[in-house]
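Student: Below is a structure I'd like to ask you about.
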Amino acid sequence: MPPLPGSAPNGTGKFSGRLRGAVAALLSGALTALLLLVSSAGPAQADRTGMRAADPSVIRVGGTYVSVQSTGGGIAVRRAPSPAALASAPARQVWTDTRGYGEVWAPEIVRDGGRYYIYFSAGRGAAHRMYVIGSATADSGYTAETKLALPGDKWAIDGTLFTFEGQRWFVWSGWAGDTNVEQNLYIARMSSPTTPTGARYVISQPRESWERVVGNPFINEGPEPIRDPNGQLHIAYSANGSWSDQYCLADLRLRAGGDPTYVWDWYKSNGCLFGSHRATMMAGWDPTLHVDGPGHHSFVLLDGDIATSPPAGPRFPLMFHAVAKGTPYAWENRYWYTGTFCWWGGTTYSRANVPGPTSDTGWSLKFFE
């Protein structure tokens, strides 16, 4: 600390000196305390909710946040004034498995034409298929379930609806055949929120080294659509097995003017964008500090509509599930977390030995705990 100014004139120097000494001691003590506080404070902790659950799906409707989750034998909806408050909001059961489908996985809520639709997977083993229920209100009055007639009628999970350039689409994780060799991402057109039309098209397979760290089978799942500031379509998805802390989020970006049904018009991030292992992260992206295996996320968008995707600059709400570091990584230890995301420009995704240009530069995503 620099010395205080010289003593005051007119015989007051002794008193002023004592005062200066007291002030110096006070300032020195305060500075020391501040330095200790700064040095002892760790980085901000991840915002874990009280929801011990997986596969969050959250949308904003006006000033209300609406979430949906599986409840073992059914599906429940919550409403709250903020994403963090969803965990303490009452859960209202909106659908019950009265037909004995078995496992009910990863419901996704969307709003289309003023109605709410919840898509979910139900079944046992190889019998998992996608179903949909609909209502005019978010937390009551849902119709009986309808099985989606997805082309091929193969094992399917994690499906969701979105509209891009005036066309409804459905994207999901599934098998190519009737056995669990690997989980791919597929897309198909929809003529209505409940009616697929035409063929299914593969848009991603887990073939990169960083998404094959954990396998048997290798996995791409949890696809979530969003539109970037240039209007290009992205599908952020989960890679590696959900039973491992290698679980992470990656990105597919459709090239400008690209065809969503043509696999080589999609460019994949060169590594995880949100994960807990540096070895699998894309260059320039850092691993998480407080959670392991972040995955199956929800971009919290107005009405769940990708037309309301955020602009470049600010951070926007994100929900994801993960396991706190220091806790055994297991499905039963997954919690919902509130995080944020923002767009990251000038990012090149590159590839080799496939048709089309070997690189594509545009917006990517940054995720924050």
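All residue names refer to the structure tokens as shown: chains lettered A, B, ... in order, residues numbered from 1 in each chain, ligands numbered from 1 in order.
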Give one line per residue of stretch 102-220 of chain A that approaches stretch 85-92 of chain A to at most 12 Å, naming the two atoms of the closest pair and their distance in Å to one decimal, counting only C-alpha atoms; sort by chain then ascending residue number and deliver it as a Markdown table.
Tutor:
```
| residue | atom | partner | partner_atom | distance |
| --- | --- | --- | --- | --- |
| A:Ala138 | CA | A:Arg92 | CA | 10.1 |
| A:Asp139 | CA | A:Arg92 | CA | 6.6 |
| A:Ser140 | CA | A:Arg92 | CA | 7.9 |
| A:Gly141 | CA | A:Arg92 | CA | 11.3 |
| A:Tyr142 | CA | A:Arg92 | CA | 11.8 |
```
Student: Taking the DSSP assignment computed from this structure's backbone, write out as an mmCIF file with N, CA, C and O atoms, in the first residue's frame all residues of stretch 17-227 of chain A that belong to helix (DSSP H, G or I).
Tutor:
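Okay, selection_14.cif is ready:
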```
data_model
loop_
_atom_site.group_PDB
_atom_site.id
_atom_site.type_symbol
_atom_site.label_atom_id
_atom_site.label_comp_id
_atom_site.auth_asym_id
_atom_site.auth_seq_id
_atom_site.Cartn_x
_atom_site.Cartn_y
_atom_site.Cartn_z
ATOM 1 N N GLY A 17 -1.062 12.001 12.183
ATOM 2 C CA GLY A 17 -0.278 10.798 11.992
ATOM 3 C C GLY A 17 -0.954 9.582 12.587
ATOM 4 O O GLY A 17 -0.975 8.499 12.013
ATOM 5 N N ARG A 18 -1.517 9.773 13.835
ATOM 6 C CA ARG A 18 -2.231 8.651 14.455
ATOM 7 C C ARG A 18 -3.461 8.263 13.613
ATOM 8 O O ARG A 18 -3.768 7.084 13.438
ATOM 9 N N LEU A 19 -4.159 9.315 13.130
ATOM 10 C CA LEU A 19 -5.337 9.040 12.307
ATOM 11 C C LEU A 19 -4.951 8.306 11.034
ATOM 12 O O LEU A 19 -5.587 7.324 10.635
ATOM 13 N N ARG A 20 -3.845 8.813 10.429
ATOM 14 C CA ARG A 20 -3.396 8.152 9.200
ATOM 15 C C ARG A 20 -3.013 6.707 9.469
ATOM 16 O O ARG A 20 -3.303 5.822 8.674
ATOM 17 N N GLY A 21 -2.380 6.483 10.610
ATOM 18 C CA GLY A 21 -1.989 5.112 10.948
ATOM 19 C C GLY A 21 -3.204 4.217 11.130
ATOM 20 O O GLY A 21 -3.222 3.057 10.692
ATOM 21 N N ALA A 22 -4.235 4.753 11.770
ATOM 22 C CA ALA A 22 -5.440 3.962 11.985
ATOM 23 C C ALA A 22 -6.136 3.640 10.659
ATOM 24 O O ALA A 22 -6.601 2.528 10.412
ATOM 25 N N VAL A 23 -6.191 4.688 9.790
ATOM 26 C CA VAL A 23 -6.818 4.486 8.488
ATOM 27 C C VAL A 23 -6.042 3.459 7.676
ATOM 28 O O VAL A 23 -6.612 2.571 7.028
ATOM 29 N N ALA A 24 -4.692 3.579 7.719
ATOM 30 C CA ALA A 24 -3.859 2.636 6.971
ATOM 31 C C ALA A 24 -4.075 1.213 7.453
ATOM 32 O O ALA A 24 -4.172 0.278 6.654
ATOM 33 N N ALA A 25 -4.143 1.059 8.767
ATOM 34 C CA ALA A 25 -4.357 -0.276 9.321
ATOM 35 C C ALA A 25 -5.709 -0.835 8.907
ATOM 36 O O ALA A 25 -5.847 -2.013 8.567
ATOM 37 N N LEU A 26 -6.719 0.042 8.933
ATOM 38 C CA LEU A 26 -8.060 -0.382 8.553
ATOM 39 C C LEU A 26 -8.113 -0.803 7.093
ATOM 40 O O LEU A 26 -8.649 -1.856 6.742
ATOM 41 N N LEU A 27 -7.503 0.039 6.222
ATOM 42 C CA LEU A 27 -7.497 -0.286 4.805
ATOM 43 C C LEU A 27 -6.704 -1.554 4.513
ATOM 44 O O LEU A 27 -7.101 -2.382 3.701
ATOM 45 N N SER A 28 -5.584 -1.685 5.209
ATOM 46 C CA SER A 28 -4.756 -2.871 5.016
ATOM 47 C C SER A 28 -5.502 -4.130 5.426
ATOM 48 O O SER A 28 -5.479 -5.153 4.743
ATOM 49 N N GLY A 29 -6.208 -4.030 6.562
ATOM 50 C CA GLY A 29 -6.974 -5.185 7.015
ATOM 51 C C GLY A 29 -8.100 -5.540 6.055
ATOM 52 O O GLY A 29 -8.364 -6.714 5.763
ATOM 53 N N ALA A 30 -8.773 -4.494 5.543
ATOM 54 C CA ALA A 30 -9.863 -4.739 4.604
ATOM 55 C C ALA A 30 -9.351 -5.371 3.319
ATOM 56 O O ALA A 30 -9.968 -6.288 2.759
ATOM 57 N N LEU A 31 -8.184 -4.881 2.840
ATOM 58 C CA LEU A 31 -7.609 -5.429 1.623
ATOM 59 C C LEU A 31 -7.229 -6.891 1.823
ATOM 60 O O LEU A 31 -7.474 -7.748 0.973
ATOM 61 N N THR A 32 -6.636 -7.185 2.986
ATOM 62 C CA THR A 32 -6.253 -8.564 3.280
ATOM 63 C C THR A 32 -7.463 -9.480 3.311
ATOM 64 O O THR A 32 -7.458 -10.580 2.748
ATOM 65 N N ALA A 33 -8.533 -8.991 3.966
ATOM 66 C CA ALA A 33 -9.747 -9.794 4.048
ATOM 67 C C ALA A 33 -10.338 -10.038 2.665
ATOM 68 O O ALA A 33 -10.803 -11.139 2.344
ATOM 69 N N LEU A 34 -10.289 -8.989 1.801
ATOM 70 C CA LEU A 34 -10.823 -9.130 0.454
ATOM 71 C C LEU A 34 -10.019 -10.136 -0.351
ATOM 72 O O LEU A 34 -10.570 -10.989 -1.046
ATOM 73 N N LEU A 35 -8.691 -10.068 -0.229
ATOM 74 C CA LEU A 35 -7.845 -11.010 -0.954
ATOM 75 C C LEU A 35 -8.086 -12.440 -0.493
ATOM 76 O O LEU A 35 -8.124 -13.367 -1.298
ATOM 77 N N LEU A 36 -8.263 -12.617 0.822
ATOM 78 C CA LEU A 36 -8.547 -13.954 1.335
ATOM 79 C C LEU A 36 -9.874 -14.470 0.810
ATOM 80 O O LEU A 36 -10.017 -15.646 0.455
ATOM 81 N N LEU A 37 -10.877 -13.570 0.759
ATOM 82 C CA LEU A 37 -12.189 -13.966 0.268
ATOM 83 C C LEU A 37 -12.118 -14.388 -1.187
ATOM 84 O O LEU A 37 -12.652 -15.419 -1.590
ATOM 85 N N VAL A 38 -11.409 -13.580 -2.005
ATOM 86 C CA VAL A 38 -11.303 -13.888 -3.427
ATOM 87 C C VAL A 38 -10.554 -15.181 -3.647
ATOM 88 O O VAL A 38 -10.941 -16.029 -4.449
ATOM 89 N N SER A 39 -9.458 -15.368 -2.909
ATOM 90 C CA SER A 39 -8.634 -16.555 -3.127
ATOM 91 C C SER A 39 -9.320 -17.824 -2.646
ATOM 92 O O SER A 39 -9.068 -18.906 -3.167
ATOM 93 N N SER A 40 -10.208 -17.706 -1.643
ATOM 94 C CA SER A 40 -10.848 -18.900 -1.112
ATOM 95 C C SER A 40 -12.142 -19.239 -1.839
ATOM 96 O O SER A 40 -12.656 -20.345 -1.717
ATOM 97 N N ALA A 84 -35.898 -22.689 -12.485
ATOM 98 C CA ALA A 84 -35.424 -23.214 -11.206
ATOM 99 C C ALA A 84 -36.572 -23.601 -10.286
ATOM 100 O O ALA A 84 -36.438 -24.508 -9.451
ATOM 101 N N ALA A 85 -37.722 -22.916 -10.416
ATOM 102 C CA ALA A 85 -38.863 -23.178 -9.534
ATOM 103 C C ALA A 85 -39.656 -24.410 -9.945
ATOM 104 O O ALA A 85 -40.544 -24.847 -9.193
ATOM 105 N N LEU A 86 -39.358 -24.997 -11.089
ATOM 106 C CA LEU A 86 -40.116 -26.159 -11.536
ATOM 107 C C LEU A 86 -39.995 -27.328 -10.567
ATOM 108 O O LEU A 86 -40.957 -28.077 -10.360
ATOM 109 N N ALA A 87 -38.833 -27.479 -9.952
ATOM 110 C CA ALA A 87 -38.619 -28.619 -9.060
ATOM 111 C C ALA A 87 -39.553 -28.609 -7.864
ATOM 112 O O ALA A 87 -39.934 -29.666 -7.352
ATOM 113 N N SER A 88 -39.929 -27.426 -7.394
ATOM 114 C CA SER A 88 -40.797 -27.325 -6.230
ATOM 115 C C SER A 88 -42.267 -27.133 -6.599
ATOM 116 O O SER A 88 -43.138 -27.049 -5.724
ATOM 117 N N GLY A 125 -37.830 -53.327 -24.101
ATOM 118 C CA GLY A 125 -36.818 -53.848 -25.005
ATOM 119 C C GLY A 125 -36.966 -53.320 -26.408
ATOM 120 O O GLY A 125 -37.061 -52.109 -26.645
ATOM 121 N N ALA A 126 -37.020 -54.239 -27.382
ATOM 122 C CA ALA A 126 -37.092 -53.856 -28.792
ATOM 123 C C ALA A 126 -38.457 -53.313 -29.190
ATOM 124 O O ALA A 126 -38.641 -52.881 -30.337
ATOM 125 N N ALA A 127 -39.416 -53.287 -28.264
ATOM 126 C CA ALA A 127 -40.767 -52.828 -28.596
ATOM 127 C C ALA A 127 -40.948 -51.320 -28.467
ATOM 128 O O ALA A 127 -42.033 -50.814 -28.739
ATOM 129 N N SER A 209 -14.545 -40.843 -33.414
ATOM 130 C CA SER A 209 -13.836 -41.478 -32.296
ATOM 131 C C SER A 209 -14.296 -40.944 -30.945
ATOM 132 O O SER A 209 -14.431 -41.697 -29.977
ATOM 133 N N TRP A 210 -14.604 -39.638 -30.858
ATOM 134 C CA TRP A 210 -14.980 -39.031 -29.587
ATOM 135 C C TRP A 210 -16.397 -39.395 -29.152
ATOM 136 O O TRP A 210 -16.763 -39.209 -27.996
ATOM 137 N N GLU A 211 -17.216 -39.944 -30.070
ATOM 138 C CA GLU A 211 -18.554 -40.407 -29.690
ATOM 139 C C GLU A 211 -18.629 -41.934 -29.675
ATOM 140 O O GLU A 211 -19.715 -42.511 -29.627
#
```
Student: If we count only C-alpha atoms and set the cut-off at 7 Å, which residues sit around stretch 225-237 of chain A, ignoring sequence neighbours fewer than 3 positions away in its own chain? Please answer as a ChimeraX atom specification.
Tutor: /A:220-222,249-256,306-307,309,311-312,363
Student: Could you turn the residues from that selection into a file that holds N, CA and C atoms, as a short mmCIF file (atom, residue, chain, number, x, y, z; two decimals), in the first residue's frame?
Tutor:
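Below you can see selection.cif, which holds the result:
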```
data_model
loop_
_atom_site.label_atom_id
_atom_site.label_comp_id
_atom_site.auth_asym_id
_atom_site.auth_seq_id
_atom_site.Cartn_x
_atom_site.Cartn_y
_atom_site.Cartn_z
N ASN A 220 -26.18 -42.09 -30.62
CA ASN A 220 -26.61 -40.70 -30.82
C ASN A 220 -28.07 -40.65 -30.39
N GLU A 221 -28.42 -39.76 -29.46
CA GLU A 221 -29.79 -39.70 -28.96
C GLU A 221 -30.10 -38.29 -28.45
N GLY A 222 -31.31 -38.11 -27.91
CA GLY A 222 -31.71 -36.83 -27.34
C GLY A 222 -31.62 -35.66 -28.28
N LEU A 249 -22.88 -33.51 -24.95
CA LEU A 249 -23.67 -32.89 -26.01
C LEU A 249 -22.78 -32.51 -27.18
N ALA A 250 -23.29 -32.74 -28.38
CA ALA A 250 -22.60 -32.36 -29.61
C ALA A 250 -23.61 -31.67 -30.53
N ASP A 251 -23.16 -31.29 -31.73
CA ASP A 251 -24.01 -30.47 -32.59
C ASP A 251 -23.96 -30.95 -34.03
N LEU A 252 -25.11 -30.91 -34.69
CA LEU A 252 -25.22 -31.04 -36.14
C LEU A 252 -25.70 -29.70 -36.69
N ARG A 253 -25.01 -29.20 -37.69
CA ARG A 253 -25.41 -27.94 -38.32
C ARG A 253 -25.73 -28.21 -39.79
N LEU A 254 -26.94 -27.84 -40.21
CA LEU A 254 -27.33 -27.97 -41.61
C LEU A 254 -26.71 -26.81 -42.39
N ARG A 255 -26.03 -27.12 -43.47
CA ARG A 255 -25.38 -26.06 -44.25
C ARG A 255 -26.43 -25.10 -44.78
N ALA A 256 -26.03 -23.87 -45.04
CA ALA A 256 -26.95 -22.86 -45.56
C ALA A 256 -27.59 -23.37 -46.85
N ILE A 306 -38.68 -23.19 -32.59
CA ILE A 306 -37.33 -22.78 -32.98
C ILE A 306 -37.34 -21.44 -33.71
N ALA A 307 -38.52 -20.97 -34.15
CA ALA A 307 -38.60 -19.63 -34.72
C ALA A 307 -38.33 -18.55 -33.67
N SER A 309 -35.87 -18.94 -31.46
CA SER A 309 -34.49 -19.17 -31.02
C SER A 309 -33.78 -17.85 -30.78
N PRO A 311 -31.08 -14.65 -30.43
CA PRO A 311 -30.09 -14.03 -31.31
C PRO A 311 -28.68 -14.23 -30.75
N ALA A 312 -27.70 -13.76 -31.49
CA ALA A 312 -26.33 -13.79 -31.01
C ALA A 312 -26.17 -12.82 -29.85
N TRP A 363 -22.26 -20.71 -37.11
CA TRP A 363 -22.51 -20.62 -35.68
C TRP A 363 -22.41 -21.99 -35.01
#
```
Student: Just the residues within 8 Å of A:Pro217, please, counting only C-alpha atoms, with nothing from its chain fewer than 4 positions along; format it as a VMD selection string.
Tutor: chain A and resid 180 to 183 241
Student: Could you take the residues named above and write them with C-alpha atoms, as a PDB file, in the first residue's frame?
Tutor:
```
ATOM      1  CA  ASN A 180     -29.504 -52.815 -31.247  1.00  0.00           C
ATOM      2  CA  VAL A 181     -26.355 -52.337 -33.317  1.00  0.00           C
ATOM      3  CA  GLU A 182     -26.176 -48.563 -32.866  1.00  0.00           C
ATOM      4  CA  GLN A 183     -28.539 -45.652 -32.262  1.00  0.00           C
ATOM      5  CA  GLY A 241     -23.742 -44.084 -23.358  1.00  0.00           C
TER       6      GLY A 241
END
```
Student: Could you pull the residues within 6 Å of stretch 109-122 of chain A, counting only C-alpha atoms, minus those fewer than 2 positions along the same chain, as a PyMOL selection string?
Tutor: chain A and resi 101+103-107+128-136+138+157+303-304
Student: For atom CA of A:Val171 and atom CA of A:Ala188, quote the distance in Å rounded to one decimal.
Tutor: 6.6 Å
